Structure formats: structure tokens, C-alpha cells
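For reference, the structure discussed in these notes is given below.
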Amino acid sequence: MPRVHRIVISRKAFTLIELLVVIAIIAILIGLLLPAVQKVRVAASRMTSANNLKQQGLAFHNFNDVNGVLPPSVGWRPRLQTGQNAVPEGAYGSGFFHILPFVEQDAMYRASYTTQSWTYVMGPGSTSTSSWEYNDPTYGYRYNYSVSYSNTPQYVQLRPAVRAYWGTSLLSYAMKLYTAPTDPSNTWSSGAMCSYMMNGAVFDPGISILGITDGTSNTVMVAEGYAYCYGYTGSSYSYRYMYWPGYYYDDYEYSYSYEITYTGSYYRNLGMTNYVYNYSYKQGFNPKFTPVAGKVPQNTPPQYQCDASVPQGLGGPCQVLLGDGSIRSITSNINSTTWFGALTPAGGETLANW
């Protein structure tokens, strides 16, 4: 009977040390690749944001060509005349709302047509005070409270009715053109948040592109900015929650103060006479900013350190749209005087190191 020969092949398994070495090599490669992948993602997102700014610039120029004037950052179209606080048969919203027909969103703009006969306008400021006293000889004190608003919304009846108004549910969601993928706050809400801010110094005076006498290549029209921004400096709070259609009334601020005067013997014996607390609060809803002397854009700050009065870079230096349609990156190292001059359309400034 023939003998059967079995061939046995010996396989050596990985040792634990070899396995750990392979895992370590893979971990090192991942550690080297991840930053590069992240940089590519940020660069792609910033390119998307720059393209959004480009499209906005084309729309503002087309709007200017058709209407002979730029739209307001937030307000009425046609613009308010002297003594007016609303425009019957007009359209109300931010500049981003007014250019919808020029960014291939004419159907969305028509969806805002309405026959409503009311709106809100910002009226004069108001101040309210109150006082309360705990009349006790031992633990007595007197409390005084005061709050002052710079302006207050007022309900206004219109005859005839508003023609177009952003306040419709069809306009309450985000648009890709107005949201940037690198905005750390654009996931905070699924609503019509906006990652861009219009320069009120350019859009609010009612000028055309030709009215930018400082030169379109030296004037900022739109800048990136956190949709949801809040911060605190000393006794001043700032808060911004931007909607691309524009809020139904303009931004406002108020100051709050209270004073406690101690009248009881217990506090008097401790040397306590009175305590005063003051702070101011700035509230913003609309996608706009105005020049602030001494301030420059922030480059991707933490949200809790966000200054609501200035733009913010999204994923790096702040990208801005200039009047000639070009895009420029502005670092937080820019001279504040130069930045201020770049925001004014007809200030006659000479921009250094621009």
C-alpha cells in the first residue's frame, strides 16, 4: 500500500510586539494625515465662502444697474422719504432679501408678496424706573431700578398694504448663498441664519456704485461674520443673532442699573451704605455692521469671546467683498484706522498697507 506523505507548512504568527509596532505606525500615519485633511477641508470651505461673496457682489451690482441705487442693509424699497416711517405698497427686508431676484431666487421673492396692512418701526427710546423699600430697622434697605432703551418697536397700520415682506414662513430657512460651512454657529439653529454682514456705511446712505468715491477697490461692501455671536467686556454685553431676510425692526441697545441703599443698623454697622450695579446690552438681529473706531475684524474667535459689533473670519482671516467684486482676506493685525477708512465709501482716506 503506497505511503501517503503529508506536507506540513509551518506559519509563524505575529508576535504581540510586531502587532503593536504596526498599530503604532498606523496611528502615526493617521496623526500626520488628519491635520492635512483638516486643512484641505478648511481651505475648501473658505473657497465656498469666497464664492458666496462673489455671487452676492454680482447681485448687488445687478441690483444697482436696474434700480440706479444700492439696496439698504435693512429697510424699505423704495427707500423712506423724509418724514416717512414705512412705505405702503413697498417691500421690507435686508439687502440680502432685496437681491433675491438677482440670485435666481425670483420665485422665493414672489412668495413674500402679501396684503398685510401692518408693520413695525423703531420709535424713540424709553426709560422705566421703579423703587421698592424693605422698611426694617435692623435689615432694612431701599432698592432703585432703572432701564433705558435706545429705541423701541412700534406697531404701525398701513393703507394700502405692504407689497413684499420677508416675514413669511417660506423665508424662514437657511440659504446656501448666505450660510458658510465654516461658521461655527450656523448649526445652532435650522432657521434663516446668515454668515455674512453688509456694511451699513455703504448701503444705508442711499448711494449707487458710482457714489463710492473712495474707489470700489478700496471699499468693503460685505464681510464674513458669525450668525450667532455673544460676548462680554467689562460691564458691556453684546449679542447678535442674524437672519438673512432681516428682522422686523432694527437693532437696539439698552442700559440697566440698580442701586441698593442700606438703611438697617445691621448693614450700617458693617460699613455698608449702598451698592450700584450698571451694565449696557447691545442687541442685533440684522445682517449688518457699521464702522467702529479702534476696532477690527476678529479671526475665528471662540463664540463666547465674539464681539457682535464687528465681523468675524470663518476658519481664518476675515474674507470681505470689495466694491469692485474682488475678495480680500483681512487679518486682525490690520491697522484700525486703515480698516475704518476701508469701510467708509466717501471719506477721502488714503489707505496705508492695504
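Every chain in the C-alpha cells takes a letter, A first, then B, and so on in the order presented; its residues are numbered from 1, and the ligands are numbered from 1 following the presented order.
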
Could you tell me, as a VMD selection string, which residues of segment 36-205 of chain A DSSP assigns to strand (DSSP E or B) when given the backbone?
chain A and resid 74 to 77 91 to 94 113 118 to 123 126 to 134 141 to 149 152 to 157 164 to 165 193 196 to 199

Would you save the residues of that selection, restricted to C-alpha atoms, as a tab-separated table (two decimals), in the first residue's frame?
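After the write, again_2.tsv holds the following:
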chain	number	residue	atom	x	y	z
A	74	VAL	CA	-32.13	96.67	6.30
A	75	GLY	CA	-35.14	98.72	5.32
A	76	TRP	CA	-37.71	99.69	2.72
A	77	ARG	CA	-37.68	99.56	-1.03
A	91	ALA	CA	-41.05	95.92	0.25
A	92	TYR	CA	-39.33	95.50	3.60
A	93	GLY	CA	-36.28	93.39	4.46
A	94	SER	CA	-32.50	93.27	4.42
A	113	TYR	CA	-45.85	89.11	-1.64
A	118	TRP	CA	-49.26	96.48	9.39
A	119	THR	CA	-45.58	96.59	10.16
A	120	TYR	CA	-43.19	97.59	12.93
A	121	VAL	CA	-40.99	100.66	13.04
A	122	MET	CA	-38.46	101.78	15.61
A	123	GLY	CA	-39.76	104.60	17.73
A	126	SER	CA	-37.86	104.90	26.64
A	127	THR	CA	-36.85	104.73	30.28
A	128	SER	CA	-38.63	102.96	33.11
A	129	THR	CA	-37.82	103.20	36.81
A	130	SER	CA	-39.13	101.52	39.91
A	131	SER	CA	-38.37	101.62	43.61
A	132	TRP	CA	-39.07	99.27	46.50
A	133	GLU	CA	-38.20	99.52	50.19
A	134	TYR	CA	-37.92	96.96	52.96
A	141	TYR	CA	-32.80	98.60	52.57
A	142	ARG	CA	-34.17	100.55	49.60
A	143	TYR	CA	-33.95	99.22	46.04
A	144	ASN	CA	-33.99	101.50	42.94
A	145	TYR	CA	-34.15	100.04	39.42
A	146	SER	CA	-33.82	101.74	36.02
A	147	VAL	CA	-33.71	100.51	32.41
A	148	SER	CA	-33.30	102.73	29.33
A	149	TYR	CA	-33.87	101.61	25.72
A	152	THR	CA	-38.48	100.70	20.90
A	153	PRO	CA	-40.56	98.88	18.26
A	154	GLN	CA	-43.95	100.36	17.45
A	155	TYR	CA	-46.89	98.81	15.62
A	156	VAL	CA	-47.93	100.78	12.50
A	157	GLN	CA	-51.04	100.44	10.33
A	164	ALA	CA	-43.49	92.35	-0.17
A	165	TYR	CA	-42.40	91.46	3.32
A	193	MET	CA	-29.28	82.23	9.82
A	196	TYR	CA	-22.38	87.49	6.17
A	197	MET	CA	-22.73	91.13	7.21
A	198	MET	CA	-23.47	94.14	5.00
A	199	ASN	CA	-21.51	97.33	5.61

Find the residues near Ala342 of chain A: any atom within 9 Å, counting only C-alpha atoms, skip ones fewer than 4 places away on the same chain, and give them as a list in words.
Asp214, Asn218, Thr219, Val220, Thr337, Thr338, Glu349, Leu351 and Trp354 of chain A

Store the residues picked out above in a file with C-alpha atoms, as a short mmCIF file (atom, residue, chain, number, x, y, z; two decimals), in the first residue's frame.
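Heads up, here's the output in selection-v2.cif:
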data_model
loop_
_atom_site.label_atom_id
_atom_site.label_comp_id
_atom_site.auth_asym_id
_atom_site.auth_seq_id
_atom_site.Cartn_x
_atom_site.Cartn_y
_atom_site.Cartn_z
CA ASP A 214 -13.07 106.40 -2.41
CA ASN A 218 -10.75 100.32 -1.53
CA THR A 219 -14.22 99.92 -0.03
CA VAL A 220 -15.67 96.91 1.82
CA THR A 337 -7.53 103.41 11.01
CA THR A 338 -6.97 101.65 7.70
CA GLU A 349 -8.96 108.43 3.25
CA LEU A 351 -5.28 103.59 2.91
CA TRP A 354 -3.91 97.99 2.30
#

Skip Tyr247 of chain A itself and residues of its chain fewer than 4 positions away, then list as a list in words all residues within 9 Å of it, counting only C-alpha atoms.
Val74, Gly93, Ser94, Trp166, Gly167, Met242, Tyr243, Asp251, Phe285, Asn286 and Pro287 of chain A

Nearby residues (only C-alpha atoms) at most 10 Å from Leu177 of chain A, same-chain spacing under 4 positions excluded, as a PyMOL selection string
chain A and resi 48-49+51-56+96+103+194-196+244

Just asking: which residues within segment 141-342 of chain A are helix (DSSP H, G or I) according to DSSP, as JSON, numbers by chain?
{"A": [169, 170, 171, 176, 177, 178, 200, 201, 202, 203, 209, 210, 211, 216, 217, 218, 265, 266, 267, 268, 269, 303, 304, 305, 336, 337, 338, 339, 340, 341, 342]}

Could the residues in this selection be saved with C-alpha atoms as a compact mmCIF listing (two decimals), in the first residue's frame?
# COMPACT_ATOMS: atom_id res chain seq x y z
CA SER A 169 -42.62 81.07 6.80
CA LEU A 170 -41.37 80.38 3.27
CA LEU A 171 -38.35 82.55 4.03
CA LYS A 176 -26.60 78.16 0.96
CA LEU A 177 -25.65 81.52 -0.51
CA TYR A 178 -26.00 83.17 2.90
CA GLY A 200 -24.11 99.88 6.70
CA ALA A 201 -21.80 102.77 5.76
CA VAL A 202 -22.09 101.71 2.10
CA PHE A 203 -25.69 100.50 1.85
CA ILE A 209 -21.86 102.15 -7.01
CA LEU A 210 -20.73 105.42 -8.59
CA GLY A 211 -21.24 107.08 -5.21
CA THR A 216 -14.60 100.39 -5.29
CA SER A 217 -11.31 98.50 -4.84
CA ASN A 218 -10.75 100.32 -1.53
CA SER A 265 -28.44 99.02 61.60
CA TYR A 266 -27.03 95.57 60.75
CA TYR A 267 -25.59 96.72 57.40
CA ARG A 268 -24.61 100.14 58.73
CA ASN A 269 -22.53 98.53 61.48
CA GLN A 303 -18.13 82.19 20.37
CA TYR A 304 -18.12 83.39 23.96
CA GLN A 305 -15.44 85.94 23.02
CA SER A 336 -7.71 100.04 12.82
CA THR A 337 -7.53 103.41 11.01
CA THR A 338 -6.97 101.65 7.70
CA TRP A 339 -9.90 99.31 8.35
CA PHE A 340 -12.16 102.21 9.30
CA GLY A 341 -11.19 104.01 6.08
CA ALA A 342 -11.95 100.89 4.04

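Here atom CA of Gln298 of chain A stands at a distance of 25.8 Å from atom CA of Leu58 of chain A.
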
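With atom CA of Phe289 of chain A on one side and atom CA of Cys229 of chain A on the other, the separation reads 12.7 Å.
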
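Relative to atom CA of Ile99 of chain A, atom CA of Pro317 of chain A is found at 26.5 Å.
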
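Using only C-alpha atoms for every distance, the candidate list A:Pro245, A:Leu19, A:Pro184, A:Tyr139 yields A:Pro184 as the residue closest to Gly316 of chain A.
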
I want to know what sits within 8 Å of segment 272-279 of chain A, based on only C-alpha atoms, with residues of the same chain fewer than 3 positions away left out; could you give that as a PyMOL selection string?
chain A and resi 235-237+255-263+267-269
